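Colleague: Quick one: structure below, then a few questions.
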Amino acid sequence: MIRRAVPVGIGHYLPERVVENDWFTSFLDTSDEWIRSRSGIERRHFAAEGETTSAMAVRAAQRALESAGLTAADIDGVIVATSTPDFTFPSAATMVQAGLGMKHGFAFDLQAVCAGFIFALSTAEAYIVSGQAKRLLVIGAETFSRIMDWEDRTTCVLFGDGAGALVLEAQDQPGEATDRGILATDLHSDGRFRELLYVDGGVSATQSTGVLRMEGKEVFRHAVEKLAETAHTALDRAGVSAEDVAWIVPHQANLRIITRTAQKMGIGMDRVIVTVQDHGNTSAASIPLALSVGVANGQIRRGDLLVAEAIGGGLAWGSVVLRW
């Protein structure tokens with residue numbers, strides 16, 4: 001028997017404000033058709049004034065704990081994947097910890113932009129497999145609406161806000177490809193591509209927040225190439241094949257990227273969880289959001305083999321193979 005990090009609860013939170021594509025036409029040279037045809041996005045959610053990343057993360061975490069039948073007292077630590085924390089410091093995770101009433105354990109943020117939740121899952125698995133934690137809350141939460149250039153129609157129409165949370169629990173499994181839990185991970189980064197996707201502000205560089213900048217065509221090219229490759233690597237490490245996969249749960253950045261990646265993997269779109277049309281790109285929140293929606297819709301069921309993959313600024317990218 002070996003120890004696996006097994007998902008036992010999932011939940012998400014979306015701000016009340018829903019922004020349809022037509023909203024942008026009042027101040028940008030764009031249209032609903034233009035946005036849909038290039039991204040697949042129809043609407044997204046924006047946080048209310050005063051609604052923070054940590055506040056959304058707390059709501060998602062509460063729902064994940066409820067679905068697991070657990071309380072904050074059962075959790076050993078909180079890992080929040082985010083690029084848009086409430087403050088430079090302390091971490092959003094410590095504020096989630098306080099918001100849940102936790103006076104024990106540990107909490108920290110992890111920053112790998114849109115790949116953040118994949119990196120956070122890999123980190124959480126390491127804590128669990130090594131025996132340093134029994135149960136962890138892994139959260140992706142973002143308020144990307146706060147770092148948009150509202151005059152750049154190529155970027156500001158793409159992003160949204162939200163949070164998703166997953167409870168991982170240590171469980172003994174036979175050590176086979178049929179085990180439940182995280183079976184394999186694969187992580188990469190290459191800092192040479194920093195200028196393809198970045199925010200042009202920061203504490204050390206400009207003492208300002210800055211706004212998002214992106215070379216869309218280049219990011220698209222790297223995404224399709226790298227996502228299929230990392231997914232296949234993780235599948236090989238897990239001892240399974242693409243034919244065994246019940247669902248791909250990709251980072252919800254762009255429908256064309258999602259479609260092309262699935263094609264390169266030889267998997268039909270009927271086996272892909274797609275939420276980008278309703279949420280836009282929520283960066284580190286997109287995969288846990290998609291997981292939560294997939295479970296709520298009855299698509300993802302216990303025993304299903306999943307592949308989650310994402311790429312973001314850095315560039316940073318990776319994948320996780322897990323059995324639900």
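Letters A, B, ... mark the chains of the structure tokens in the order given; residue numbers begin at 1 per chain; ligand numbers begin at 1, in order shown.
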Could you list, as number ranges by chain, every residue within 7 Å of segment 138-146 of chain A, counting only C-alpha atoms and ignoring same-chain residues fewer than 5 positions away?
Modeller: A: 46-47, 53, 56-57, 78-84, 117, 120-121, 159-167, 282-285, 288
Colleague: Atoms to include: N, CA and C atoms. Write the selected residues as a JSON list (two decimals), in the first residue's frame.
Modeller:
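The resulting file, again.json, is reproduced below:
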[["chain", "number", "residue", "atom", "x", "y", "z"],
["A", 46, "PHE", "N", -17.40, 39.48, -12.57],
["A", 46, "PHE", "CA", -16.48, 40.45, -11.99],
["A", 46, "PHE", "C", -16.80, 40.63, -10.51],
["A", 47, "ALA", "N", -15.76, 40.68, -9.71],
["A", 47, "ALA", "CA", -15.93, 40.90, -8.27],
["A", 47, "ALA", "C", -16.54, 42.27, -8.00],
["A", 53, "THR", "N", -9.90, 38.69, -3.36],
["A", 53, "THR", "CA", -9.51, 37.33, -3.70],
["A", 53, "THR", "C", -9.69, 36.40, -2.51],
["A", 56, "MET", "N", -13.42, 35.54, -1.76],
["A", 56, "MET", "CA", -13.95, 34.54, -2.68],
["A", 56, "MET", "C", -13.39, 33.16, -2.36],
["A", 57, "ALA", "N", -12.11, 33.10, -2.00],
["A", 57, "ALA", "CA", -11.48, 31.83, -1.66],
["A", 57, "ALA", "C", -12.13, 31.21, -0.43],
["A", 78, "VAL", "N", -3.55, 25.26, 4.22],
["A", 78, "VAL", "CA", -4.25, 25.92, 3.12],
["A", 78, "VAL", "C", -3.21, 26.43, 2.12],
["A", 79, "ILE", "N", -3.37, 26.04, 0.88],
["A", 79, "ILE", "CA", -2.51, 26.54, -0.20],
["A", 79, "ILE", "C", -3.40, 27.28, -1.19],
["A", 80, "VAL", "N", -3.11, 28.55, -1.41],
["A", 80, "VAL", "CA", -3.89, 29.36, -2.34],
["A", 80, "VAL", "C", -3.02, 29.71, -3.55],
["A", 81, "ALA", "N", -3.45, 29.26, -4.72],
["A", 81, "ALA", "CA", -2.80, 29.64, -5.98],
["A", 81, "ALA", "C", -3.45, 30.92, -6.47],
["A", 82, "THR", "N", -2.67, 31.98, -6.58],
["A", 82, "THR", "CA", -3.20, 33.26, -7.05],
["A", 82, "THR", "C", -2.10, 34.17, -7.54],
["A", 83, "SER", "N", -2.43, 35.01, -8.51],
["A", 83, "SER", "CA", -1.55, 36.08, -8.95],
["A", 83, "SER", "C", -2.11, 37.44, -8.56],
["A", 84, "THR", "N", -3.28, 37.43, -7.92],
["A", 84, "THR", "CA", -3.95, 38.68, -7.54],
["A", 84, "THR", "C", -4.34, 38.64, -6.08],
["A", 117, "PHE", "N", -2.82, 26.46, -10.10],
["A", 117, "PHE", "CA", -3.51, 25.37, -9.42],
["A", 117, "PHE", "C", -2.82, 24.03, -9.66],
["A", 120, "ALA", "N", 0.06, 24.04, -7.37],
["A", 120, "ALA", "CA", -0.43, 23.89, -5.99],
["A", 120, "ALA", "C", -0.83, 22.44, -5.70],
["A", 121, "LEU", "N", -1.47, 21.79, -6.66],
["A", 121, "LEU", "CA", -1.81, 20.37, -6.48],
["A", 121, "LEU", "C", -0.57, 19.52, -6.29],
["A", 159, "PHE", "N", -10.81, 37.92, -19.48],
["A", 159, "PHE", "CA", -10.60, 37.47, -18.11],
["A", 159, "PHE", "C", -11.80, 37.71, -17.20],
["A", 160, "GLY", "N", -11.87, 36.91, -16.16],
["A", 160, "GLY", "CA", -12.93, 37.03, -15.17],
["A", 160, "GLY", "C", -12.42, 36.69, -13.79],
["A", 161, "ASP", "N", -13.31, 36.78, -12.80],
["A", 161, "ASP", "CA", -12.96, 36.55, -11.40],
["A", 161, "ASP", "C", -13.70, 35.33, -10.86],
["A", 162, "GLY", "N", -13.13, 34.71, -9.85],
["A", 162, "GLY", "CA", -13.78, 33.57, -9.22],
["A", 162, "GLY", "C", -12.81, 32.77, -8.37],
["A", 163, "ALA", "N", -13.32, 31.70, -7.77],
["A", 163, "ALA", "CA", -12.50, 30.85, -6.92],
["A", 163, "ALA", "C", -13.03, 29.43, -6.94],
["A", 164, "GLY", "N", -12.11, 28.49, -6.83],
["A", 164, "GLY", "CA", -12.47, 27.07, -6.71],
["A", 164, "GLY", "C", -11.57, 26.43, -5.67],
["A", 165, "ALA", "N", -12.10, 25.47, -4.93],
["A", 165, "ALA", "CA", -11.34, 24.84, -3.84],
["A", 165, "ALA", "C", -11.52, 23.33, -3.86],
["A", 166, "LEU", "N", -10.44, 22.64, -3.53],
["A", 166, "LEU", "CA", -10.43, 21.18, -3.49],
["A", 166, "LEU", "C", -9.86, 20.72, -2.16],
["A", 167, "VAL", "N", -10.49, 19.73, -1.54],
["A", 167, "VAL", "CA", -9.95, 19.12, -0.33],
["A", 167, "VAL", "C", -9.25, 17.82, -0.73],
["A", 282, "THR", "N", -10.18, 32.64, -15.76],
["A", 282, "THR", "CA", -10.04, 33.00, -14.34],
["A", 282, "THR", "C", -8.69, 32.57, -13.79],
["A", 283, "SER", "N", -7.71, 32.40, -14.67],
["A", 283, "SER", "CA", -6.34, 32.09, -14.29],
["A", 283, "SER", "C", -6.27, 30.88, -13.35],
["A", 284, "ALA", "N", -5.66, 31.01, -12.18],
["A", 284, "ALA", "CA", -5.46, 29.86, -11.29],
["A", 284, "ALA", "C", -6.77, 29.28, -10.79],
["A", 285, "ALA", "N", -7.88, 30.03, -10.91],
["A", 285, "ALA", "CA", -9.17, 29.52, -10.45],
["A", 285, "ALA", "C", -9.86, 28.65, -11.48],
["A", 288, "PRO", "N", -10.00, 24.48, -10.83],
["A", 288, "PRO", "CA", -10.92, 24.05, -9.76],
["A", 288, "PRO", "C", -12.37, 24.46, -10.02]]
Colleague: Write down as a PyMOL selection string the residues belonging to segment 29-66 of chain A that are assigned strand (DSSP E or B) by DSSP computed on the backbone.
Modeller: chain A and resi 43-46
Colleague: Please, could you write that set of residues out with C-alpha atoms as a PDB file, in the first residue's frame?
Modeller:
ATOM      1  CA  ARG A  43     -19.737  36.052 -20.326  1.00  0.00           C
ATOM      2  CA  ARG A  44     -17.642  36.321 -17.196  1.00  0.00           C
ATOM      3  CA  HIS A  45     -18.056  37.346 -13.534  1.00  0.00           C
ATOM      4  CA  PHE A  46     -16.485  40.455 -11.992  1.00  0.00           C
TER       5      PHE A  46
END
Colleague: Can you list every residue in segment 248-277 of chain A that DSSP puts in helix (DSSP H, G or I), as a PyMOL selection string?
Modeller: chain A and resi 255-265+269-271+276-277
Colleague: Store the residues picked out above in a file with C-alpha atoms, as a PDB file, in the first residue's frame.
Modeller:
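Result saved to selection-v8.pdb:
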ATOM      1  CA  LEU A 255     -11.817  27.507 -26.592  1.00  0.00           C
ATOM      2  CA  ARG A 256      -9.524  27.234 -29.611  1.00  0.00           C
ATOM      3  CA  ILE A 257      -6.581  26.254 -27.384  1.00  0.00           C
ATOM      4  CA  ILE A 258      -8.748  23.710 -25.565  1.00  0.00           C
ATOM      5  CA  THR A 259      -9.964  22.206 -28.861  1.00  0.00           C
ATOM      6  CA  ARG A 260      -6.524  22.033 -30.479  1.00  0.00           C
ATOM      7  CA  THR A 261      -4.954  20.474 -27.389  1.00  0.00           C
ATOM      8  CA  ALA A 262      -7.642  17.791 -27.231  1.00  0.00           C
ATOM      9  CA  GLN A 263      -7.068  17.045 -30.926  1.00  0.00           C
ATOM     10  CA  LYS A 264      -3.317  16.641 -30.367  1.00  0.00           C
ATOM     11  CA  MET A 265      -4.076  14.241 -27.525  1.00  0.00           C
ATOM     12  CA  MET A 269     -14.422  17.252 -27.176  1.00  0.00           C
ATOM     13  CA  ASP A 270     -17.176  15.089 -25.666  1.00  0.00           C
ATOM     14  CA  ARG A 271     -14.576  14.167 -23.037  1.00  0.00           C
ATOM     15  CA  VAL A 276     -14.784  29.117 -20.590  1.00  0.00           C
ATOM     16  CA  GLN A 277     -18.009  30.342 -22.219  1.00  0.00           C
TER      17      GLN A 277
END
Colleague: Given only C-alpha atoms as the basis, pick out the residue of A:Leu28, A:Phe87, A:Ser204, A:Ala73 nearest to Gly101 of chain A.
Modeller: A:Ala73
Colleague: Looking at A:Gly131, A:Gly239, A:Pro90, A:Gly312, which one is nearest to Arg3 of chain A, with distances taken over only C-alpha atoms?
Modeller: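 Looking at the shortest contact to Arg3 of chain A, the residue is A:Gly131.
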Colleague: Write out as a list of chain:residue names each polymer residue whose atoms come within 12 Å of segment 200-203 of chain A, counting only C-alpha atoms; drop sequence neighbours fewer than 2 positions from it.
Modeller: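 Here the qualifying residues turn out to be A:Ser83, A:Thr84, A:Phe87, A:Thr88, A:Phe89, A:Ile147, A:Met148, A:Asp149, A:Arg194, A:Glu195, A:Leu196, A:Leu197, A:Tyr198, A:Ala205, A:Thr206, A:Gln207, A:Ser208, A:Thr209, A:Gly210, A:Val211, A:Leu212, A:Arg213, A:Met214.
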Colleague: Could you give me, as a PyMOL selection string, the residues within 12 Å of Ser319 of chain A, counting only C-alpha atoms and dropping anything in the same chain fewer than 5 positions from it?
Modeller: chain A and resi 114-122+182-188+226-238+248-251+287+306-311
Colleague: Could you write out the selected residues, including N, CA and C atoms, as a CSV table (one decimal), in the first residue's frame?
Modeller:
chain,number,residue,atom,x,y,z
A,114,CYS,N,-1.6,31.3,-14.5
A,114,CYS,CA,-2.7,30.4,-14.9
A,114,CYS,C,-2.4,28.9,-14.6
A,115,ALA,N,-1.1,28.6,-14.4
A,115,ALA,CA,-0.7,27.2,-14.1
A,115,ALA,C,-0.7,27.0,-12.5
A,116,GLY,N,-1.1,28.0,-11.8
A,116,GLY,CA,-0.9,28.0,-10.4
A,116,GLY,C,-1.6,26.8,-9.7
A,117,PHE,N,-2.8,26.5,-10.1
A,117,PHE,CA,-3.5,25.4,-9.4
A,117,PHE,C,-2.8,24.0,-9.7
A,118,ILE,N,-2.3,23.8,-10.8
A,118,ILE,CA,-1.5,22.6,-11.1
A,118,ILE,C,-0.3,22.5,-10.2
A,119,PHE,N,0.5,23.6,-10.1
A,119,PHE,CA,1.6,23.7,-9.2
A,119,PHE,C,1.2,23.5,-7.7
A,120,ALA,N,0.1,24.0,-7.4
A,120,ALA,CA,-0.4,23.9,-6.0
A,120,ALA,C,-0.8,22.4,-5.7
A,121,LEU,N,-1.5,21.8,-6.7
A,121,LEU,CA,-1.8,20.4,-6.5
A,121,LEU,C,-0.6,19.5,-6.3
A,122,SER,N,0.5,19.8,-7.1
A,122,SER,CA,1.7,19.0,-7.0
A,122,SER,C,2.4,19.2,-5.6
A,182,ILE,N,-4.2,11.5,-6.8
A,182,ILE,CA,-3.2,12.0,-7.7
A,182,ILE,C,-2.2,10.9,-8.1
A,183,LEU,N,-2.1,10.5,-9.4
A,183,LEU,CA,-1.3,9.4,-9.8
A,183,LEU,C,0.0,9.9,-10.4
A,184,ALA,N,0.1,11.2,-11.0
A,184,ALA,CA,1.3,11.7,-11.6
A,184,ALA,C,1.2,13.2,-11.8
A,185,THR,N,2.3,13.9,-11.7
A,185,THR,CA,2.3,15.3,-12.1
A,185,THR,C,3.5,15.6,-13.0
A,186,ASP,N,3.5,16.7,-13.7
A,186,ASP,CA,4.6,17.1,-14.6
A,186,ASP,C,4.6,18.6,-14.6
A,187,LEU,N,5.7,19.2,-14.2
A,187,LEU,CA,5.8,20.7,-14.1
A,187,LEU,C,6.9,21.2,-14.9
A,188,HIS,N,6.7,22.4,-15.5
A,188,HIS,CA,7.8,23.0,-16.3
A,188,HIS,C,7.7,24.5,-16.2
A,226,LYS,N,2.8,22.8,-25.8
A,226,LYS,CA,3.3,22.4,-24.5
A,226,LYS,C,2.2,21.6,-23.7
A,227,LEU,N,0.9,22.0,-23.8
A,227,LEU,CA,-0.1,21.3,-23.0
A,227,LEU,C,-0.3,19.9,-23.4
A,228,ALA,N,-0.3,19.6,-24.7
A,228,ALA,CA,-0.5,18.2,-25.1
A,228,ALA,C,0.7,17.4,-24.7
A,229,GLU,N,1.9,18.0,-24.8
A,229,GLU,CA,3.2,17.2,-24.4
A,229,GLU,C,3.2,16.9,-22.9
A,230,THR,N,2.9,17.9,-22.1
A,230,THR,CA,2.9,17.7,-20.6
A,230,THR,C,1.9,16.7,-20.2
A,231,ALA,N,0.7,16.7,-20.8
A,231,ALA,CA,-0.3,15.8,-20.5
A,231,ALA,C,0.1,14.3,-20.8
A,232,HIS,N,0.7,14.1,-22.0
A,232,HIS,CA,1.2,12.8,-22.3
A,232,HIS,C,2.3,12.3,-21.4
A,233,THR,N,3.1,13.2,-21.0
A,233,THR,CA,4.2,12.8,-20.0
A,233,THR,C,3.6,12.4,-18.7
A,234,ALA,N,2.6,13.1,-18.2
A,234,ALA,CA,2.0,12.7,-16.9
A,234,ALA,C,1.2,11.4,-17.1
A,235,LEU,N,0.6,11.2,-18.2
A,235,LEU,CA,-0.1,10.0,-18.4
A,235,LEU,C,0.8,8.8,-18.4
A,236,ASP,N,2.0,9.0,-19.1
A,236,ASP,CA,3.0,7.9,-19.1
A,236,ASP,C,3.5,7.6,-17.7
A,237,ARG,N,3.7,8.6,-16.9
A,237,ARG,CA,4.2,8.4,-15.5
A,237,ARG,C,3.2,7.7,-14.7
A,238,ALA,N,1.9,7.9,-15.0
A,238,ALA,CA,0.8,7.3,-14.2
A,238,ALA,C,0.6,5.9,-14.7
A,248,ILE,N,-10.7,15.4,-19.8
A,248,ILE,CA,-9.7,16.4,-19.7
A,248,ILE,C,-10.3,17.6,-19.0
A,249,VAL,N,-9.6,18.1,-18.0
A,249,VAL,CA,-10.1,19.4,-17.3
A,249,VAL,C,-9.0,20.4,-17.5
A,250,PRO,N,-9.1,21.2,-18.6
A,250,PRO,CA,-8.0,22.1,-19.0
A,250,PRO,C,-8.2,23.4,-18.4
A,251,HIS,N,-7.1,24.2,-18.3
A,251,HIS,CA,-7.2,25.6,-18.0
A,251,HIS,C,-8.1,26.3,-19.0
A,287,ILE,N,-9.3,25.8,-13.3
A,287,ILE,CA,-9.3,24.4,-13.2
A,287,ILE,C,-10.2,23.9,-12.1
A,306,LEU,N,-8.9,11.6,-14.7
A,306,LEU,CA,-8.9,13.0,-15.2
A,306,LEU,C,-7.5,13.4,-15.5
A,307,VAL,N,-7.4,14.3,-16.5
A,307,VAL,CA,-6.1,15.0,-16.8
A,307,VAL,C,-6.4,16.5,-16.7
A,308,ALA,N,-5.7,17.2,-15.8
A,308,ALA,CA,-5.8,18.6,-15.8
A,308,ALA,C,-4.5,19.2,-16.2
A,309,GLU,N,-4.6,20.3,-17.1
A,309,GLU,CA,-3.3,20.9,-17.6
A,309,GLU,C,-3.6,22.4,-17.8
A,310,ALA,N,-2.4,23.1,-17.7
A,310,ALA,CA,-2.5,24.6,-17.8
A,310,ALA,C,-1.2,25.2,-18.1
A,311,ILE,N,-1.3,26.4,-18.7
A,311,ILE,CA,-0.1,27.1,-19.0
A,311,ILE,C,-0.4,28.6,-18.7
Colleague: Between A:Ser67, A:Asp304, A:Ala246, A:Phe27, which one has atoms that come closest to Thr178 of chain A, using only C-alpha atoms?
Modeller: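 The closest residue to Thr178 of chain A is A:Asp304.
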Colleague: Just the residues within 12 Å of Met102 of chain A, please, counting only C-alpha atoms, with nothing from its chain fewer than 2 positions along; format it as a VMD selection string.
Modeller: chain A and resid 58 71 to 78 93 to 100 104 to 107 137
